[in-house]
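Structure file target31.txt; described as compact mmCIF, C-alpha atoms and all ligand atoms.
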```txt
# COMPACT_ATOMS: atom_id res chain seq x y z
CA MET N 1 -114.27 -39.21 -46.40
CA PHE N 2 -116.14 -36.22 -47.79
CA ASN N 3 -115.36 -33.50 -50.33
CA ALA N 4 -114.80 -29.94 -49.15
CA ILE N 5 -113.16 -26.66 -50.07
CA LEU N 6 -110.34 -26.23 -47.55
CA VAL N 7 -108.49 -22.96 -46.97
CA THR N 8 -105.05 -23.31 -45.42
CA GLN N 9 -102.46 -20.75 -44.38
CA ASN N 10 -98.76 -21.40 -44.77
CA GLU N 11 -96.82 -18.49 -43.25
CA GLN N 12 -98.48 -15.58 -45.15
CA THR N 13 -99.69 -17.66 -48.13
CA ILE N 14 -103.35 -18.65 -48.43
CA GLN N 15 -104.27 -21.74 -50.41
CA SER N 16 -107.80 -22.91 -51.24
CA LYS N 17 -108.44 -26.29 -52.80
CA LEU N 18 -111.06 -28.95 -53.21
CA THR N 19 -109.96 -31.89 -51.12
CA GLN N 20 -111.16 -35.01 -49.29
CA ILE N 21 -111.42 -34.86 -45.53
CA ASN N 22 -111.91 -37.70 -43.06
CA GLU N 23 -115.19 -37.40 -41.16
CA VAL N 24 -113.38 -37.86 -37.83
CA ARG N 25 -111.91 -34.36 -38.38
CA LEU N 26 -115.38 -32.72 -38.26
CA PRO N 27 -115.61 -30.26 -35.36
CA ASP N 28 -117.71 -31.03 -32.29
CA GLY N 29 -121.39 -30.25 -32.72
CA ASP N 30 -124.58 -31.80 -31.43
CA VAL N 31 -126.04 -32.13 -34.96
CA GLU N 32 -124.37 -33.73 -37.99
CA LEU N 33 -125.61 -33.10 -41.51
CA ASP N 34 -125.30 -34.12 -45.09
CA ILE N 35 -125.07 -30.75 -46.82
CA LEU N 36 -127.40 -30.67 -49.83
CA ALA N 37 -126.71 -27.12 -50.98
CA SER N 38 -124.65 -24.06 -50.07
CA SER N 39 -123.92 -20.73 -51.74
CA VAL N 40 -121.08 -18.40 -52.63
CA ASN N 41 -121.44 -15.03 -50.89
CA TYR N 42 -119.17 -11.99 -51.11
CA LYS N 43 -117.73 -12.99 -47.72
CA ASP N 44 -117.04 -16.55 -48.94
CA ALA N 45 -115.28 -15.15 -52.00
CA LEU N 46 -113.04 -13.07 -49.71
CA ALA N 47 -112.39 -16.12 -47.50
CA ILE N 48 -111.43 -18.30 -50.49
CA THR N 49 -109.22 -15.76 -52.24
CA ARG N 50 -107.69 -13.83 -49.33
CA GLY N 51 -108.42 -15.84 -46.18
CA VAL N 52 -108.09 -13.01 -43.66
CA PRO N 53 -109.92 -11.10 -42.23
CA VAL N 54 -112.95 -13.39 -42.78
CA ILE N 55 -111.32 -16.61 -41.56
CA ARG N 56 -110.41 -16.54 -37.88
CA SER N 57 -108.63 -19.92 -37.67
CA PHE N 58 -106.99 -22.24 -40.20
CA PRO N 59 -107.52 -24.72 -41.76
CA MET N 60 -111.10 -23.62 -42.52
CA ILE N 61 -113.94 -24.86 -44.69
CA PRO N 62 -115.54 -21.61 -45.91
CA GLY N 63 -119.27 -21.15 -46.57
CA ILE N 64 -121.53 -18.97 -44.40
CA ASP N 65 -124.72 -20.72 -45.62
CA LEU N 66 -125.89 -24.31 -45.73
CA ALA N 67 -129.03 -26.36 -46.23
CA GLY N 68 -128.86 -30.03 -45.31
CA ARG N 69 -130.40 -33.19 -43.94
CA VAL N 70 -129.73 -34.23 -40.34
CA THR N 71 -127.82 -37.53 -40.09
CA ARG N 72 -127.25 -37.54 -36.31
CA SER N 73 -128.77 -35.40 -33.58
CA ASP N 74 -128.14 -35.14 -29.84
CA SER N 75 -130.61 -32.24 -29.72
CA ASP N 76 -134.29 -32.70 -28.92
CA LYS N 77 -135.10 -29.91 -31.44
CA PHE N 78 -133.95 -31.88 -34.52
CA ARG N 79 -134.33 -35.49 -35.65
CA THR N 80 -132.49 -37.62 -38.18
CA GLY N 81 -133.92 -36.84 -41.61
CA ASP N 82 -134.99 -33.25 -40.79
CA LEU N 83 -134.21 -30.65 -43.47
CA VAL N 84 -132.46 -27.65 -41.90
CA LEU N 85 -130.93 -24.29 -42.74
CA LEU N 86 -128.04 -22.30 -41.28
CA ASN N 87 -126.90 -18.73 -42.05
CA GLY N 88 -123.95 -17.12 -40.31
CA PHE N 89 -123.23 -17.60 -36.59
CA GLY N 90 -119.53 -17.76 -37.54
CA LEU N 91 -120.01 -20.64 -40.01
CA GLY N 92 -117.13 -20.55 -42.50
CA GLU N 93 -115.34 -17.97 -40.33
CA GLN N 94 -114.71 -19.63 -36.95
CA HIS N 95 -116.46 -22.95 -37.51
CA TRP N 96 -116.18 -25.28 -40.52
CA GLY N 97 -118.77 -24.13 -43.02
CA GLY N 98 -121.11 -24.99 -45.85
CA LEU N 99 -118.80 -25.51 -48.85
CA ALA N 100 -118.52 -29.23 -48.14
CA GLU N 101 -120.59 -32.38 -48.28
CA LYS N 102 -120.82 -32.74 -44.47
CA ALA N 103 -120.98 -30.55 -41.39
CA SER N 104 -121.18 -30.85 -37.64
CA VAL N 105 -122.83 -27.83 -36.01
CA ASN N 106 -124.44 -26.41 -32.89
CA SER N 107 -128.20 -27.01 -32.93
CA ASP N 108 -128.77 -23.48 -31.51
CA TRP N 109 -127.74 -22.11 -34.93
CA LEU N 110 -130.18 -24.18 -36.99
CA ILE N 111 -133.72 -23.57 -38.16
CA HIS N 112 -135.96 -26.01 -40.01
CA LEU N 113 -136.09 -25.45 -43.77
CA PRO N 114 -139.03 -23.07 -44.30
CA GLN N 115 -142.11 -24.62 -45.94
CA GLY N 116 -142.22 -24.28 -49.70
CA PHE N 117 -138.48 -24.00 -50.36
CA THR N 118 -136.23 -26.77 -51.69
CA PRO N 119 -132.67 -26.78 -50.25
CA VAL N 120 -131.43 -25.23 -53.53
CA GLU N 121 -134.05 -22.45 -53.38
CA ALA N 122 -133.25 -21.75 -49.72
CA MET N 123 -129.60 -21.34 -50.73
CA ALA N 124 -130.57 -19.16 -53.70
CA ILE N 125 -131.98 -16.83 -51.05
CA GLY N 126 -129.23 -17.63 -48.52
CA THR N 127 -127.60 -14.94 -46.40
CA ALA N 128 -128.10 -12.42 -49.23
CA GLY N 129 -131.89 -12.78 -49.44
CA TYR N 130 -132.24 -13.03 -45.69
CA THR N 131 -130.17 -9.82 -45.30
CA ALA N 132 -132.36 -8.09 -47.90
CA MET N 133 -135.41 -9.15 -45.86
CA LEU N 134 -133.85 -7.86 -42.61
CA SER N 135 -133.18 -4.54 -44.35
CA ILE N 136 -136.78 -4.29 -45.57
CA ILE N 137 -138.11 -5.14 -42.10
CA ALA N 138 -135.98 -2.25 -40.74
CA LEU N 139 -137.54 0.16 -43.29
CA GLU N 140 -141.03 -1.14 -42.47
CA GLN N 141 -140.44 -0.76 -38.74
CA HIS N 142 -139.32 2.81 -39.40
CA GLY N 143 -142.77 3.30 -40.88
CA ILE N 144 -141.89 3.74 -44.55
CA GLN N 145 -144.89 3.04 -46.75
CA CYS N 146 -145.20 2.58 -50.52
CA ALA N 147 -146.83 6.01 -50.92
CA ASP N 148 -143.90 7.77 -49.21
CA GLY N 149 -141.73 7.65 -52.34
CA ASP N 150 -138.93 5.77 -54.08
CA ILE N 151 -136.62 3.25 -52.44
CA LEU N 152 -133.01 3.22 -53.68
CA VAL N 153 -131.17 -0.13 -53.82
CA THR N 154 -127.38 0.00 -54.36
CA GLY N 155 -125.22 -2.93 -55.48
CA ALA N 156 -128.37 -3.82 -57.38
CA SER N 157 -127.17 -6.74 -59.51
CA GLY N 158 -125.53 -8.49 -56.56
CA GLY N 159 -127.15 -11.05 -54.30
CA VAL N 160 -128.54 -8.72 -51.61
CA GLY N 161 -129.50 -6.11 -54.21
CA SER N 162 -131.34 -8.56 -56.47
CA PHE N 163 -133.44 -9.94 -53.62
CA ALA N 164 -134.07 -6.47 -52.17
CA ILE N 165 -135.50 -5.34 -55.53
CA ARG N 166 -137.61 -8.48 -55.95
CA LEU N 167 -139.03 -8.29 -52.43
CA LEU N 168 -139.63 -4.51 -52.39
CA SER N 169 -141.44 -4.65 -55.72
CA LYS N 170 -143.60 -7.54 -54.50
CA LEU N 171 -144.51 -5.41 -51.49
CA GLY N 172 -145.57 -2.59 -53.83
CA TYR N 173 -142.66 -0.17 -53.37
CA ARG N 174 -141.28 1.81 -56.33
CA VAL N 175 -137.62 0.82 -56.60
CA VAL N 176 -134.67 2.64 -58.19
CA ALA N 177 -131.73 0.29 -58.78
CA ALA N 178 -128.17 1.70 -58.79
CA THR N 179 -125.72 -0.45 -60.74
CA GLY N 180 -122.31 -0.32 -62.37
CA ARG N 181 -123.60 -2.76 -64.99
CA LEU N 182 -126.12 -0.86 -67.10
CA SER N 183 -126.07 -3.90 -69.41
CA GLU N 184 -128.10 -5.61 -66.64
CA ALA N 185 -130.91 -3.01 -66.84
CA GLU N 186 -133.33 -5.54 -68.36
CA TYR N 187 -132.56 -8.05 -65.58
CA LEU N 188 -133.12 -5.38 -62.91
CA LYS N 189 -136.41 -4.29 -64.48
CA LYS N 190 -137.58 -7.91 -64.63
CA LEU N 191 -136.88 -8.14 -60.90
CA GLY N 192 -139.18 -5.17 -60.42
CA ALA N 193 -137.01 -2.03 -60.60
CA ALA N 194 -139.00 0.91 -61.97
CA GLU N 195 -135.80 2.80 -62.84
CA VAL N 196 -132.13 1.92 -63.23
CA MET N 197 -129.40 4.49 -62.52
CA ASP N 198 -125.63 4.45 -63.06
CA ARG N 199 -123.85 3.90 -59.77
CA ASN N 200 -121.26 6.52 -60.83
CA GLU N 201 -123.87 9.16 -59.95
CA LEU N 202 -123.46 8.12 -56.30
CA SER N 203 -119.89 6.89 -55.93
CA SER N 204 -117.85 10.14 -55.66
CA PRO N 205 -117.77 12.75 -52.87
CA GLY N 206 -120.92 14.94 -52.96
CA LYS N 207 -122.60 17.80 -51.10
CA PRO N 208 -123.68 17.17 -47.47
CA LEU N 209 -127.34 17.80 -48.40
CA GLN N 210 -128.68 17.04 -51.87
CA LYS N 211 -132.07 17.00 -53.61
CA GLU N 212 -134.46 14.79 -51.59
CA ARG N 213 -135.04 11.71 -53.75
CA TRP N 214 -135.50 8.64 -51.53
CA ALA N 215 -138.06 7.69 -48.92
CA GLY N 216 -135.72 4.84 -48.01
CA VAL N 217 -132.46 3.24 -49.08
CA ILE N 218 -131.04 -0.29 -48.95
CA ASP N 219 -127.29 0.16 -49.31
CA CYS N 220 -124.95 -2.76 -50.01
CA VAL N 221 -121.80 -0.85 -50.90
CA GLY N 222 -120.85 1.69 -48.19
CA SER N 223 -118.30 4.51 -48.74
CA HIS N 224 -119.33 7.64 -50.73
CA THR N 225 -122.39 5.84 -52.11
CA LEU N 226 -123.83 5.42 -48.63
CA VAL N 227 -122.93 9.03 -47.77
CA ASN N 228 -124.64 10.37 -50.92
CA ALA N 229 -127.65 8.11 -50.33
CA CYS N 230 -128.05 9.66 -46.86
CA ALA N 231 -127.63 13.16 -48.32
CA MET N 232 -130.47 12.46 -50.81
CA THR N 233 -132.90 10.86 -48.35
CA GLN N 234 -136.04 12.86 -47.76
CA TYR N 235 -137.05 14.37 -44.44
CA GLY N 236 -137.67 11.63 -41.83
CA GLY N 237 -136.57 8.82 -44.16
CA ALA N 238 -134.37 5.83 -43.40
CA VAL N 239 -131.27 4.17 -44.81
CA THR N 240 -130.05 0.64 -44.11
CA ALA N 241 -126.36 -0.25 -44.39
CA CYS N 242 -125.30 -3.87 -44.76
CA GLY N 243 -122.30 -3.93 -47.06
CA LEU N 244 -118.94 -2.55 -48.11
CA ALA N 245 -118.53 -3.53 -51.79
CA GLN N 246 -117.28 0.00 -52.56
CA GLY N 247 -115.47 0.47 -49.26
CA MET N 248 -115.62 0.30 -45.49
CA GLU N 249 -115.20 4.04 -44.91
CA PHE N 250 -118.12 6.39 -44.22
CA PRO N 251 -116.86 9.93 -44.99
CA ALA N 252 -120.11 11.70 -44.06
CA THR N 253 -121.38 14.84 -42.34
CA VAL N 254 -124.12 14.87 -39.72
CA ALA N 255 -126.25 17.23 -41.88
CA PRO N 256 -128.82 14.63 -43.09
CA PHE N 257 -129.28 13.39 -39.52
CA ILE N 258 -129.66 16.72 -37.74
CA LEU N 259 -131.33 18.77 -40.49
CA ARG N 260 -133.56 16.15 -42.13
CA GLY N 261 -133.98 13.74 -39.21
CA ILE N 262 -133.03 10.74 -41.29
CA SER N 263 -132.10 7.45 -39.61
CA LEU N 264 -129.33 5.03 -40.49
CA TYR N 265 -129.90 1.39 -39.53
CA GLY N 266 -127.01 -1.08 -39.38
CA ILE N 267 -127.94 -4.55 -40.61
CA ASP N 268 -126.05 -7.57 -39.31
CA SER N 269 -127.26 -11.00 -40.37
CA VAL N 270 -124.56 -13.08 -38.67
CA MET N 271 -125.49 -12.89 -34.99
CA LYS N 272 -129.22 -12.13 -35.29
CA PRO N 273 -131.17 -14.04 -32.63
CA LEU N 274 -133.13 -17.08 -33.82
CA SER N 275 -136.50 -15.40 -33.25
CA VAL N 276 -135.64 -12.61 -35.72
CA ARG N 277 -134.23 -15.11 -38.25
CA LYS N 278 -137.40 -17.17 -38.09
CA GLN N 279 -139.49 -14.04 -38.63
CA ALA N 280 -137.38 -13.04 -41.66
CA TRP N 281 -137.52 -16.54 -43.18
CA GLN N 282 -141.27 -16.71 -42.53
CA ARG N 283 -141.70 -13.44 -44.47
CA LEU N 284 -139.46 -14.78 -47.27
CA SER N 285 -141.55 -17.94 -47.58
CA GLU N 286 -144.76 -15.87 -47.70
CA LEU N 287 -143.40 -13.49 -50.34
CA LEU N 288 -141.32 -15.68 -52.67
CA SER N 289 -142.40 -18.53 -54.91
CA SER N 290 -140.07 -20.69 -57.05
CA GLN N 291 -141.13 -18.55 -60.02
CA ASP N 292 -139.90 -15.39 -58.27
CA MET N 293 -136.39 -16.81 -58.09
CA VAL N 294 -136.07 -17.80 -61.74
CA GLY N 295 -133.15 -15.89 -63.25
CA ILE N 296 -131.80 -14.65 -59.89
CA TYR N 297 -129.51 -17.62 -59.35
CA GLN N 298 -127.24 -20.05 -61.13
CA THR N 299 -126.22 -23.47 -59.86
CA ILE N 300 -122.64 -24.72 -59.75
CA SER N 301 -120.82 -27.77 -58.36
CA LEU N 302 -118.29 -27.80 -55.51
CA GLU N 303 -115.53 -28.17 -58.15
CA GLN N 304 -116.48 -24.77 -59.63
CA VAL N 305 -116.48 -22.79 -56.38
CA ILE N 306 -112.90 -21.47 -56.36
CA ALA N 307 -113.11 -20.04 -59.90
CA CYS N 308 -116.51 -18.54 -59.06
CA ALA N 309 -115.10 -16.78 -55.97
CA GLN N 310 -112.64 -14.88 -58.14
CA ASP N 311 -115.36 -13.90 -60.64
CA LEU N 312 -117.62 -12.70 -57.84
CA LEU N 313 -114.99 -10.34 -56.44
CA GLU N 314 -114.36 -9.00 -59.95
CA GLY N 315 -118.06 -8.08 -60.23
CA LYS N 316 -118.69 -10.62 -63.01
CA VAL N 317 -121.43 -12.55 -61.19
CA ARG N 318 -125.08 -11.51 -61.38
CA GLY N 319 -127.48 -12.38 -58.57
CA ARG N 320 -126.77 -15.50 -56.54
CA VAL N 321 -124.65 -18.61 -56.91
CA VAL N 322 -125.94 -21.85 -55.41
CA VAL N 323 -123.63 -24.81 -54.84
CA ASP N 324 -125.63 -27.98 -55.41
CA MET N 325 -123.77 -30.87 -53.77
CA SER N 326 -125.43 -33.35 -56.14
CA ALA N 327 -124.11 -31.49 -59.22
CA SER N 328 -120.90 -32.69 -60.85
P1 LIG X 401 -122.35 -9.39 -54.39
O1 LIG X 401 -120.91 -9.51 -54.72
O2 LIG X 401 -123.31 -10.38 -54.92
O3 LIG X 401 -122.88 -7.94 -54.85
C1 LIG X 401 -122.17 -6.76 -54.57
C2 LIG X 401 -122.56 -5.73 -55.63
O4 LIG X 401 -122.01 -4.49 -55.26
C3 LIG X 401 -122.01 -6.03 -57.00
O5 LIG X 401 -122.80 -6.94 -57.71
C4 LIG X 401 -122.00 -4.66 -57.63
O6 LIG X 401 -123.32 -4.39 -58.09
C5 LIG X 401 -121.74 -3.73 -56.43
N1 LIG X 401 -120.34 -3.30 -56.38
C6 LIG X 401 -119.23 -4.07 -56.50
N2 LIG X 401 -118.12 -3.32 -56.43
C7 LIG X 401 -118.55 -2.03 -56.27
C8 LIG X 401 -117.88 -0.79 -56.15
N3 LIG X 401 -116.54 -0.69 -56.18
N4 LIG X 401 -118.63 0.31 -56.02
C9 LIG X 401 -119.99 0.25 -55.97
N5 LIG X 401 -120.68 -0.90 -56.10
C10 LIG X 401 -119.96 -2.02 -56.24
O7 LIG X 401 -122.43 -9.32 -52.81
P2 LIG X 401 -123.72 -9.50 -51.88
O8 LIG X 401 -124.91 -8.90 -52.54
O9 LIG X 401 -123.79 -10.89 -51.40
O10 LIG X 401 -123.30 -8.60 -50.64
C11 LIG X 401 -123.29 -7.19 -50.79
C12 LIG X 401 -122.52 -6.58 -49.63
O11 LIG X 401 -123.23 -6.82 -48.42
C13 LIG X 401 -121.12 -7.16 -49.43
O12 LIG X 401 -120.25 -6.13 -49.00
C14 LIG X 401 -121.32 -8.18 -48.33
O13 LIG X 401 -120.13 -8.42 -47.60
C15 LIG X 401 -122.38 -7.49 -47.49
N6 LIG X 401 -123.22 -8.38 -46.72
C16 LIG X 401 -123.39 -8.10 -45.40
C17 LIG X 401 -124.22 -8.85 -44.62
C18 LIG X 401 -124.45 -8.45 -43.21
O14 LIG X 401 -124.89 -9.28 -42.40
N7 LIG X 401 -124.19 -7.20 -42.86
C19 LIG X 401 -124.88 -10.04 -45.15
C20 LIG X 401 -124.71 -10.23 -46.58
C21 LIG X 401 -123.88 -9.43 -47.32
P3 LIG X 401 -123.54 -3.65 -59.51
O15 LIG X 401 -122.70 -4.39 -60.51
O16 LIG X 401 -125.02 -3.79 -59.76
O17 LIG X 401 -123.10 -2.24 -59.34
```

For the structure just supplied, provide its representation as structure tokens.
Ligand code: NDP
Amino acid sequence: MFNAILVTQNEQTIQSKLTQINEVRLPDGDVELDILASSVNYKDALAITRGVPVIRSFPMIPGIDLAGRVTRSDSDKFRTGDLVLLNGFGLGEQHWGGLAEKASVNSDWLIHLPQGFTPVEAMAIGTAGYTAMLSIIALEQHGIQCADGDILVTGASGGVGSFAIRLLSKLGYRVVAATGRLSEAEYLKKLGAAEVMDRNELSSPGKPLQKERWAGVIDCVGSHTLVNACAMTQYGGAVTACGLAQGMEFPATVAPFILRGISLYGIDSVMKPLSVRKQAWQRLSELLSSQDMVGIYQTISLEQVIACAQDLLEGKVRGRVVVDMSAS
């Protein structure tokens, strides 16, 4: 038996609880793991509190991230005892996920734990940090350099935002952090933000073209914020879109694209091919030390996950939440 968060659906009612599950119920997979750490992402919080649309089949163990130790492997890529990492690929959506003590997964989804990170640190980064890195790689590939100007990060005190600020500042970019929690200004400056702005300046409908302020943007919130960010991006600049914390809609005009030649890059972390994941995690391990992550994450136990999911959706959580399976 192992402990897990299980989400069930009874007619239209969703229930999430910590429960014990018999190992024989683990799904088919060519690698079995003891999960050492997981994390609570925005998507996990939605899965735990609302179920749909994140969860595609019930009952489901949520958790889009895991770090663990291999206990059985039918794959020649992994051996018993290997430390591994998994982000996305439908984990916690279509396939039992990381908020449990055990998992059985497809070896094609796994990578070895990058050198230098403990399982807890890898989960502190998790899908959020890896998505921040993918967003930065998109800006770099667009050709944006530190001297080109400021980079705006929205949803700044969240998981993706916090890592985006930390990583951009380590790379030498000047970062402006947009937040609804001005009380977190000190935290954001410690991460490396040069300036902190109130997200209300971006969240309402604005003019199609506005004063050119950003060389690049990493947007985590969508809706009018993303539209205004595009309208304020300087000629030839680039914007990445990964999230929808404000909303899924994109009520924009084409003006920034056809008059300023800006580019909008969609960032998906879930189905990224392994080669791109490995490149992103390699960059993360080169850029981040344990010291860089101090203050960005808190550690909780599996018992605390359901309460944390509610807090996260209410915007009460700063940075990242790691679930340490050895914590009680
Ligand atoms: P978090 O919940 O940690 O952070 C989201 C942040 O968005 C909050 O901390 C808050 O920042 C801001 N925010 C919340 N509500 C609003 C609102 N109504 N208007 C404007 N800003 C708001 O989530 P993550 O950082 O983990 O994820 C951010 C987004 O990116 C989510 O939508 C998530 O689903 C998505 N995502 C997508 C991925 C992909 O592959 N495309 C991968 C990972 C995440 P503040 O208080 O500073 O304003």

Box for ligand LIG 401 (chain X) - axis-aligned, 6 Å on each of the six sides, all listed atoms - centre and size in Å to one decimal, as lines of an AutoDock Vina configuration file.
```
center_x = -120.8
center_y = -5.3
center_z = -51.5
size_x = 20.5
size_y = 23.2
size_z = 30.1
```

Non-local contacts of Gly88 (chain N) (7 Å; all atoms listed in the file; under 4 positions in same chain excluded) as a compact mmCIF listing (two decimals) with C-alpha atoms, keeping the file's coordinate frame:
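Once everything was written out, this is out-v2.txt:
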```txt
# COMPACT_ATOMS: atom_id res chain seq x y z
CA ILE N 64 -121.53 -18.97 -44.40
CA ASP N 65 -124.72 -20.72 -45.62
CA SER N 269 -127.26 -11.00 -40.37
CA VAL N 270 -124.56 -13.08 -38.67
CA MET N 271 -125.49 -12.89 -34.99
```

7 Å shell around ligand LIG 401 (chain X) using all atoms listed in the file, listed as an MDAnalysis selection string
chainID N and resid 41:43 127:128 131 154:161 178:181 199 203 220:221 242:246 267:270 312:313 315 317:320

Atomic distance CA of Val31 (chain N) - CA of Val276 (chain N), expressed in Å with one decimal:
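Rounded to one decimal, the two atoms are 21.8 Å apart.
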
Atom-to-atom span, CA of Ile111 (chain N) and CA of Pro273 (chain N), Å
11.3 Å

What's the 6 Å shell around region 228-231 of chain N, counting all atoms listed in the file, without same-chain residues fewer than 2 positions away, as a PyMOL selection string?
chain N and resi 202+208-210+224-226+233+256

Do you have the CA of Asp28 (chain N)-CA of Ala280 (chain N) distance handy?
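One can read the CA of Asp28 (chain N) to CA of Ala280 (chain N) distance as 28.3 Å.
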
Could you give me, as an NGL selection string, the residues within 12 Å of Lys278 (chain N), counting only C-alpha atoms and dropping anything in the same chain fewer than 6 positions from it?
:N and (85-87 or 109-115 or 130 or 133-134 or 272 or 284-285)

Leaving out Ile262 (chain N) and any residue of its chain fewer than 3 positions from it, which residues lie within 8 Å of it when counting only C-alpha atoms, given as a PDB file with C-alpha atoms, keeping the file's coordinate frame?
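out-v2.pdb, written as the output of this step:
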```
ATOM      1  CA  CYS N 230    -128.050   9.660 -46.860  1.00  0.00           C
ATOM      2  CA  THR N 233    -132.900  10.860 -48.350  1.00  0.00           C
ATOM      3  CA  GLN N 234    -136.040  12.860 -47.760  1.00  0.00           C
ATOM      4  CA  TYR N 235    -137.050  14.370 -44.440  1.00  0.00           C
ATOM      5  CA  GLY N 236    -137.670  11.630 -41.830  1.00  0.00           C
ATOM      6  CA  GLY N 237    -136.570   8.820 -44.160  1.00  0.00           C
ATOM      7  CA  ALA N 238    -134.370   5.830 -43.400  1.00  0.00           C
ATOM      8  CA  VAL N 239    -131.270   4.170 -44.810  1.00  0.00           C
ATOM      9  CA  PRO N 256    -128.820  14.630 -43.090  1.00  0.00           C
ATOM     10  CA  PHE N 257    -129.280  13.390 -39.520  1.00  0.00           C
ATOM     11  CA  ILE N 258    -129.660  16.720 -37.740  1.00  0.00           C
TER      12      ILE N 258
END
```

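Among the candidates N:Ala138, N:Ala327, N:Ile5, N:Leu191, the one nearest to Gln291 (chain N) when counting only C-alpha atoms is N:Leu191.
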
If you count only C-alpha atoms, which residues fall within 9 Å of Pro251 (chain N), apart from same-chain ones fewer than 6 positions away, as an MDAnalysis selection string?
chainID N and resid 205 223:224 227

Distance criterion (only C-alpha atoms): nearest to His95 (chain N) out of N:Met325, N:Val217, N:Met60, N:Cys308:
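Ranked by minimum distance to His95 (chain N), first place goes to N:Met60.
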
From the list N:Asn200, N:Val84, N:Phe58, N:Asp44, which residue is nearest Asn10 (chain N) when using all atoms listed in the file?
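Ranked by minimum distance to Asn10 (chain N), first place goes to N:Phe58.
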